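Heads up, the thing below is written out as C-alpha cells.
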Amino acid sequence: MRKKLLEYKNIAAQFHTIEGTTNTLNDIDLTIYEGMSLGIVGESGCGKSVTSRLPIRLLPEPMFKVTKGEVIYHRDGKPFDVMKAKQNGKEINKIRGKEISMIFQEPMSSLSPIHTVGSQMVELIRQHSDMNKKQAKEHAISMLERARVPRARDVFDDYTFQLSGGMRQRVMIAMGISCSPRLLFADEPTTALDVTIQAQILGLIKDVQREQNMALVLITHDLAVVANMVDEIAVFYLGYIVEQGSTDQVLKTPKHPYTKALIESIPTLHTDQALKPIKGSIPDPYSKITGCPFWKRCDKVTDKCRQEVPPFVTHENDHKVRCFEA
Amino acid sequence: MDYNSTPLVQVESLQMHFSMKGGAFSRRQGTIKAVDGVNFKVYPNETFGLVGESGCGKTTVGRAILKAMQPTGGKVLYNSKNGETIDLVPMTNKEIRPYRQEIQMIFQDPYSSLSPRMTVQEILEEPLRLAGHTNKDFLYQKAAEMIQQVGLRSSHLMRYPHAFSGGQRQRIGIGRALITNPRFIVADEAVSALDVSVQAQILEILSELKAKMDLSFLFISHDLSVVKYLCDRVGVMYLGRIVEVADTDALFKDPLHPYTEALMHAIPDINEREIRSDILAGEIPDASNPPSGCAFHNRCKYAKDKCKNEVPALRDFISTFNGKEIFRQSACHFVEEIYLQSNDKEII
C-alpha cells in the first residue's frame, strides 16, 4: 500500500484582479504518494504552476483565493490542512523549502544576484537545521557535489551571474535537495536550457530522486520530457485535470481528445507522421466557459459537452478521464 | 529540389567578429568570433534549417544576411528578381533598400516584435509604405488579403496587438513579412515562444504559404524536431562554424558528424522510458576562448590527438542514402573511419 504524502481534495481556486476573476483551478483531485514521480503536463494558463505553489503557499494571497476544497499534507501519519495555516506562519515555514522543496524555471531570477552561491545555501540550511556555519558549509558543498557541480568548492564562492545556465540549474537543484525534502516540485526545470544541457539536468534530477528516495512532481509543457522521467502523468487543461494515469496509459493509449491531439501535434525525430494541429487557441482566462473546457477545440463535441462539465471518471487500471465520450 | 539551379542566396566565408574593448573596469580583451567562416547556399523554394545550441552563432548569421548587423567579412550573394547576382555585404542601407521587399524576417517573440501603438492594419501596411506605396485603397486591400492568408479575419485589422494571443500575433508577424511578396525569408526561432498546440498550426501555415507563394526560407531553430518537420536541408552549427550540412532525412538518419549525433541523442522521445546514458557531457565552450583544433574535441567521444591540433575543414562527400547518391558536407577529421561505408567517398 502506497503512503499518501500530499492530497488535493476538490480544489477550486480563483485569481481576483482588476481585469476580472479567473477560474484558475477547478475540481482538482490529486494524490501524491511517497517516493512516486508524477508529471504534470499542460500549456500556458492551465494551472500547472499554481498547483505546485499551492501546498507551500507561494501564491499572492488574498488576490489568489481557494474557494473550495482542501490541501492535506501527511506528516508522521498525521494529516495537516495546509490552507488553514497562516500563510507565512511557523508551520508553513517548516514545510516550505525543507519538507516540500522547489526548482524553478528561471534559475537567474530565482537565485539572488548579490549573494554568493554558498551564502544562499548556508542561509537555507541553517534556517531548517541546527548546524553551525562550518557544518552548513560542508553540507552545502556535498550537496553541490551531489548535483554534479564540477569544482564545487570554488563554485561555493561564486556569484550566480558567473555561472552558465546549466550550472545555475545545478545549483538550484543542490539547494532544492539540501534539506532532504520528502517532495520536490520541479517547475519547467529545463525549458530555458539547450537540449544537451536539458538531457544532463533531467538525468541528474532522476538520479537525485532515486538517491534521496523523495517524491518528484515534474511540471512541463513538453510530453517528451516527462516520458522517461515519471511513473504517472496528469494532463491539465484550463484548470481542470482532463486525464490521469500511468505514463504508458496516457502516452500510448490516451483517452481524452486533448491528450490525443497534443501528442499528434508535436513534431518528433523518430516518426514521419504528418502534424495534426489542434484548431483554435487556448481561451482567454477571464472568459467564462460553460461545459467541458475543451469543447470549442474538440472534434467529437456533442450538445452535452457544451452544457455540462464532464465528471472525472475512473476507467480500468486507475486510468482517469474527464470526457463523456471516453 | 534542383541543386543545379542558381542558388537564391549564397553565403561565402561569412565572418562576424566582435571586439571586446578593454574599458576601465574590463579585465577581458580580445575578439569573439561569433561567426567564423560560414558557407552555405539556399536554393529557390527551399527551406534551409540552421540548428545549434545557444551561442553557436545561428542568430548572428541570420542577422548578418539581413544586414541588421554589418558582417566583418565574407560575402552574401543574392540572386535578385531581375536575375542579377549582388553581394549584400558592401552595400549601404540606401543601396539595399530596393531589395528589402524581397528579403524579409519573421521574429521569435511575437510580443516584442509588434508595436503596441499600431493597429494590425498599420503594422501590415508599413512594409508596403516603406516600399513607396501610398494609395490607401491598395494598402487596405493588400492588408485585408494578407490577414486572411494567415488565418485571421479582416475585422481584426482595426485592433491593436494586445488583443491577440501569442499564436495570433505570430500570424500577424508572418503576414507583415509576406505582404511585400518576398522571395527569401529569415525565420529566427519563429515557433519557439508558442504553446505546443499552437506551434503546429504556425508550422502548417508556414509550409502552406511556402508552396503557395514560392518562398525560400532560412529557418533558424534550436529545436531539431521542428527543423526535421519543416526543412529540406539542414546545417548544424557549433561555435561559429558549420559542422555538417545534409538533406534533412539523411542528416537525421545517418549523421556524419559526432556533434550532430550527440545533439540527436539528447532529444527526449515520447516513446522512450529510460534516460539515455550516452548523453553529451560538458557545456558549449566560451566563444572568446575557443578550444584549439576542432572546437568540439573536448566533448567528443571519438576525439584523438589530431582533433586537438588541427582545425577540420568542411569537406564534401558523396554518400549513398536510400539507394540514391546524395551530396553532403561534414567537418570532422575522421568521417571515413567513424561513419562512412565502403561505397561512400569524399569529393576532392
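The way I read the labels, and the way they are meant: chains A, B, ... in the order of the C-alpha cells, residue 1 as the first residue of every chain, and ligand 1 as the first ligand shown, with later ones counted on from there.
Within 7 Å of chain A, chain B contributes the residues Glu53, Ser54, Asp195, Val196, Ser197, Val198, Ala200, Gln201, Ser225, Val226, Lys228, Tyr229, Leu263, Ala266, Ile267, Pro268, Asp269, Ile270, Asn271, Glu272, Arg273, Glu274, Ile275, Ile279 and Leu280 of chain B, using only C-alpha atoms.
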Could the residues in this selection be saved with N, CA and C atoms as a PDB file, in the first residue's frame?
ATOM      1  N   GLU B  53      23.163  24.903 -30.534  1.00  0.00           N
ATOM      2  CA  GLU B  53      22.828  25.333 -29.187  1.00  0.00           C
ATOM      3  C   GLU B  53      22.975  26.846 -29.063  1.00  0.00           C
ATOM      4  N   SER B  54      22.518  27.409 -27.942  1.00  0.00           N
ATOM      5  CA  SER B  54      22.630  28.856 -27.785  1.00  0.00           C
ATOM      6  C   SER B  54      24.101  29.253 -27.795  1.00  0.00           C
ATOM      7  N   ASP B 195       2.907  27.920 -27.517  1.00  0.00           N
ATOM      8  CA  ASP B 195       2.458  26.669 -26.915  1.00  0.00           C
ATOM      9  C   ASP B 195       2.448  25.566 -27.958  1.00  0.00           C
ATOM     10  N   VAL B 196       2.654  24.325 -27.526  1.00  0.00           N
ATOM     11  CA  VAL B 196       2.793  23.241 -28.498  1.00  0.00           C
ATOM     12  C   VAL B 196       1.595  23.099 -29.431  1.00  0.00           C
ATOM     13  N   SER B 197       0.378  23.274 -28.909  1.00  0.00           N
ATOM     14  CA  SER B 197      -0.780  23.068 -29.774  1.00  0.00           C
ATOM     15  C   SER B 197      -0.844  24.159 -30.840  1.00  0.00           C
ATOM     16  N   VAL B 198      -0.342  25.350 -30.517  1.00  0.00           N
ATOM     17  CA  VAL B 198      -0.372  26.467 -31.461  1.00  0.00           C
ATOM     18  C   VAL B 198       0.819  26.386 -32.416  1.00  0.00           C
ATOM     19  N   ALA B 200       2.102  23.871 -33.839  1.00  0.00           N
ATOM     20  CA  ALA B 200       1.804  23.037 -35.002  1.00  0.00           C
ATOM     21  C   ALA B 200       1.008  23.810 -36.046  1.00  0.00           C
ATOM     22  N   GLN B 201       0.087  24.675 -35.593  1.00  0.00           N
ATOM     23  CA  GLN B 201      -0.685  25.489 -36.549  1.00  0.00           C
ATOM     24  C   GLN B 201       0.236  26.402 -37.346  1.00  0.00           C
ATOM     25  N   SER B 225      13.391  18.748 -33.777  1.00  0.00           N
ATOM     26  CA  SER B 225      12.173  18.093 -34.262  1.00  0.00           C
ATOM     27  C   SER B 225      11.406  19.018 -35.195  1.00  0.00           C
ATOM     28  N   VAL B 226      11.385  20.318 -34.855  1.00  0.00           N
ATOM     29  CA  VAL B 226      10.713  21.284 -35.714  1.00  0.00           C
ATOM     30  C   VAL B 226      11.436  21.396 -37.052  1.00  0.00           C
ATOM     31  N   LYS B 228      13.280  19.163 -38.458  1.00  0.00           N
ATOM     32  CA  LYS B 228      13.071  17.949 -39.240  1.00  0.00           C
ATOM     33  C   LYS B 228      11.736  18.005 -39.969  1.00  0.00           C
ATOM     34  N   TYR B 229      10.739  18.561 -39.300  1.00  0.00           N
ATOM     35  CA  TYR B 229       9.414  18.618 -39.899  1.00  0.00           C
ATOM     36  C   TYR B 229       9.375  19.574 -41.084  1.00  0.00           C
ATOM     37  N   LEU B 263      23.734  15.615 -30.501  1.00  0.00           N
ATOM     38  CA  LEU B 263      22.578  16.512 -30.391  1.00  0.00           C
ATOM     39  C   LEU B 263      21.285  15.708 -30.520  1.00  0.00           C
ATOM     40  N   ALA B 266      20.331  13.699 -27.495  1.00  0.00           N
ATOM     41  CA  ALA B 266      19.919  14.458 -26.309  1.00  0.00           C
ATOM     42  C   ALA B 266      18.428  14.771 -26.305  1.00  0.00           C
ATOM     43  N   ILE B 267      17.777  14.593 -27.450  1.00  0.00           N
ATOM     44  CA  ILE B 267      16.373  14.987 -27.522  1.00  0.00           C
ATOM     45  C   ILE B 267      15.481  13.932 -26.899  1.00  0.00           C
ATOM     46  N   PRO B 268      14.651  14.331 -25.925  1.00  0.00           N
ATOM     47  CA  PRO B 268      13.781  13.335 -25.307  1.00  0.00           C
ATOM     48  C   PRO B 268      12.748  12.832 -26.312  1.00  0.00           C
ATOM     49  N   ASP B 269      12.414  11.567 -26.195  1.00  0.00           N
ATOM     50  CA  ASP B 269      11.483  10.954 -27.127  1.00  0.00           C
ATOM     51  C   ASP B 269      10.286  10.438 -26.350  1.00  0.00           C
ATOM     52  N   ILE B 270       9.130  10.659 -26.902  1.00  0.00           N
ATOM     53  CA  ILE B 270       7.902  10.323 -26.201  1.00  0.00           C
ATOM     54  C   ILE B 270       7.740   8.815 -26.012  1.00  0.00           C
ATOM     55  N   ASN B 271       8.421   8.017 -26.832  1.00  0.00           N
ATOM     56  CA  ASN B 271       8.290   6.569 -26.702  1.00  0.00           C
ATOM     57  C   ASN B 271       9.393   5.925 -25.876  1.00  0.00           C
ATOM     58  N   GLU B 272      10.244   6.750 -25.339  1.00  0.00           N
ATOM     59  CA  GLU B 272      11.409   6.242 -24.614  1.00  0.00           C
ATOM     60  C   GLU B 272      11.100   6.257 -23.119  1.00  0.00           C
ATOM     61  N   ARG B 273      11.379   5.140 -22.413  1.00  0.00           N
ATOM     62  CA  ARG B 273      11.073   5.127 -20.982  1.00  0.00           C
ATOM     63  C   ARG B 273      12.324   5.187 -20.108  1.00  0.00           C
ATOM     64  N   GLU B 274      13.491   5.037 -20.711  1.00  0.00           N
ATOM     65  CA  GLU B 274      14.722   5.114 -19.927  1.00  0.00           C
ATOM     66  C   GLU B 274      15.545   6.293 -20.418  1.00  0.00           C
ATOM     67  N   ILE B 275      16.218   6.939 -19.506  1.00  0.00           N
ATOM     68  CA  ILE B 275      17.088   8.039 -19.899  1.00  0.00           C
ATOM     69  C   ILE B 275      18.343   7.463 -20.532  1.00  0.00           C
ATOM     70  N   ILE B 279      24.552  10.601 -23.050  1.00  0.00           N
ATOM     71  CA  ILE B 279      24.330  11.994 -23.387  1.00  0.00           C
ATOM     72  C   ILE B 279      25.623  12.792 -23.319  1.00  0.00           C
ATOM     73  N   LEU B 280      25.634  13.866 -24.082  1.00  0.00           N
ATOM     74  CA  LEU B 280      26.816  14.699 -24.231  1.00  0.00           C
ATOM     75  C   LEU B 280      27.161  15.356 -22.895  1.00  0.00           C
TER      76      LEU B 280
END
Give me the residues within 7 Å of range 286-291 of chain A as a count of residues only, counting only C-alpha atoms and dropping any in the same chain fewer than 4 places off.
-> 8
Using DSSP on the backbone, list every residue of range 142-224 of chain B that comes out as strand (DSSP E or B), and give them as a ChimeraX atom specification.
-> /B:184-188,216-221
9 Å contact set for Ile123 in chain B, only C-alpha atoms, chain neighbours under 5 positions out, as an MDAnalysis selection string = chainID B and resid 114:115 118 172:173 176
Output file for the residues above (N, CA and C atoms, as a PDB file, in the first residue's frame):
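As written to disk, out15.pdb reads:
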ATOM      1  N   LEU B 114       5.947  43.323 -32.302  1.00  0.00           N
ATOM      2  CA  LEU B 114       4.853  44.113 -32.883  1.00  0.00           C
ATOM      3  C   LEU B 114       4.673  45.374 -32.041  1.00  0.00           C
ATOM      4  N   SER B 115       4.626  46.527 -32.691  1.00  0.00           N
ATOM      5  CA  SER B 115       4.469  47.773 -31.944  1.00  0.00           C
ATOM      6  C   SER B 115       3.096  47.827 -31.295  1.00  0.00           C
ATOM      7  N   MET B 118       0.485  50.512 -32.792  1.00  0.00           N
ATOM      8  CA  MET B 118      -0.035  50.490 -34.157  1.00  0.00           C
ATOM      9  C   MET B 118      -1.140  49.452 -34.263  1.00  0.00           C
ATOM     10  N   ILE B 172       0.273  37.508 -37.380  1.00  0.00           N
ATOM     11  CA  ILE B 172       0.398  38.889 -37.848  1.00  0.00           C
ATOM     12  C   ILE B 172       1.841  39.161 -38.280  1.00  0.00           C
ATOM     13  N   GLY B 173       2.792  38.677 -37.473  1.00  0.00           N
ATOM     14  CA  GLY B 173       4.206  38.845 -37.822  1.00  0.00           C
ATOM     15  C   GLY B 173       4.538  38.193 -39.154  1.00  0.00           C
ATOM     16  N   ARG B 176       3.092  40.338 -41.924  1.00  0.00           N
ATOM     17  CA  ARG B 176       3.912  41.516 -42.179  1.00  0.00           C
ATOM     18  C   ARG B 176       5.117  41.161 -43.046  1.00  0.00           C
TER      19      ARG B 176
END
Every residue of range 147-273 of chain B that DSSP places in alpha helix (DSSP H), as a PyMOL selection string = chain B and resi 147-149+166-178+196-213+224-230+248-253+258-265
Shell of 10 Å around Lys84 in chain A, only C-alpha atoms, local chain residues under 2 positions omitted, as a list in words = Glu70, Val71, Ile72, Phe80, Asp81, Val82, Lys86 and Gln87 of chain A
Can you write just those residues out, N, CA and C atoms, as a tab-separated table (two decimals), in the first residue's frame?
chain	number	residue	atom	x	y	z
A	70	GLU	N	-9.66	21.25	0.07
A	70	GLU	CA	-8.54	21.39	0.98
A	70	GLU	C	-7.29	20.68	0.45
A	71	VAL	N	-6.15	21.15	0.95
A	71	VAL	CA	-4.88	20.52	0.61
A	71	VAL	C	-4.35	19.88	1.88
A	72	ILE	N	-4.21	18.57	1.86
A	72	ILE	CA	-3.79	17.86	3.07
A	72	ILE	C	-2.36	17.35	2.90
A	80	PHE	N	-2.42	17.30	7.86
A	80	PHE	CA	-2.30	18.72	8.20
A	80	PHE	C	-2.91	19.52	7.06
A	81	ASP	N	-3.91	20.33	7.40
A	81	ASP	CA	-4.58	21.11	6.35
A	81	ASP	C	-3.78	22.39	6.06
A	82	VAL	N	-3.12	22.39	4.93
A	82	VAL	CA	-2.21	23.49	4.59
A	82	VAL	C	-2.94	24.82	4.47
A	86	LYS	N	-1.49	29.76	8.79
A	86	LYS	CA	-1.19	31.13	8.37
A	86	LYS	C	-0.20	31.09	7.21
A	87	GLN	N	-0.33	32.03	6.25
A	87	GLN	CA	0.47	31.92	5.03
A	87	GLN	C	1.97	31.89	5.29
All residues 10 Å or closer to range 55-59 of chain B, only C-alpha atoms, same chain fewer than 2 positions away omitted, as a compact mmCIF listing (two decimals) with C-alpha atoms, in the first residue's frame:
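So result-v9.txt came out as:
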# COMPACT_ATOMS: atom_id res chain seq x y z
CA MET B 16 31.20 38.28 -37.68
CA LYS B 33 34.37 35.04 -33.29
CA ALA B 34 30.60 34.67 -33.24
CA VAL B 35 30.54 33.58 -36.87
CA ASP B 36 33.79 32.39 -38.32
CA VAL B 38 30.29 30.12 -42.65
CA GLY B 49 17.46 24.91 -41.47
CA LEU B 50 20.20 26.20 -39.23
CA VAL B 51 20.42 24.44 -35.87
CA GLY B 52 22.70 24.56 -32.88
CA GLU B 53 22.83 25.33 -29.19
CA VAL B 61 24.19 34.50 -39.31
CA GLY B 62 20.54 35.39 -39.91
CA ARG B 63 21.08 38.97 -38.84
CA ALA B 64 24.22 39.35 -40.92
CA VAL B 186 14.76 34.53 -42.49
CA ALA B 187 12.72 32.97 -39.68
CA ASP B 188 14.59 33.12 -36.38
CA GLU B 189 13.07 30.73 -33.82
CA PHE B 219 14.80 28.61 -40.72
CA ILE B 220 16.87 29.14 -37.58
CA SER B 221 15.95 26.99 -34.60
CA HIS B 222 17.32 25.12 -31.63
CA GLY B 235 23.14 22.95 -41.47
CA VAL B 236 24.39 22.22 -37.96
CA MET B 237 26.42 24.96 -36.27
CA TYR B 238 28.86 24.72 -33.41
CA LEU B 239 30.77 27.69 -32.03
CA GLY B 240 30.59 29.92 -35.08
CA ARG B 241 31.15 27.26 -37.73
CA ILE B 242 29.02 24.89 -39.72
CA ILE B 284 29.40 24.77 -25.10
CA PRO B 285 32.78 26.50 -24.67
CA ASP B 286 33.33 30.23 -24.30
CA ALA B 287 33.41 31.81 -27.76
Neighbours of Leu130 in chain B within 12 Å (only C-alpha atoms; same-chain residues fewer than 4 positions away dropped), as a VMD selection string?
-> chain B and resid 97 to 101 122 to 126 134 139 179 to 180
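For the set A:Met108, A:Leu184, A:Ile11, A:Met175, the residue with the smallest atom-to-atom gap to Glu123 in chain A is A:Met175, counting only C-alpha atoms.
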Which of these, A:Arg57, A:His74, A:Lys320, A:His115, has the shortest distance to Gly89 in chain A once you count only C-alpha atoms?
->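 The answer is A:Arg57, which sits nearest to Gly89 in chain A.
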Excluding same-chain residues fewer than 2 positions from Asn309 in chain B, what lies within 6 Å of it counting only C-alpha atoms, as a list in words?
->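 Listed by chain and then number, they are Gly293, Lys306 and Cys307 of chain B.
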CA of Phe252 in chain B to CA of Ile65 in chain B, distance in Å rounded to a single decimal = 26.3 Å
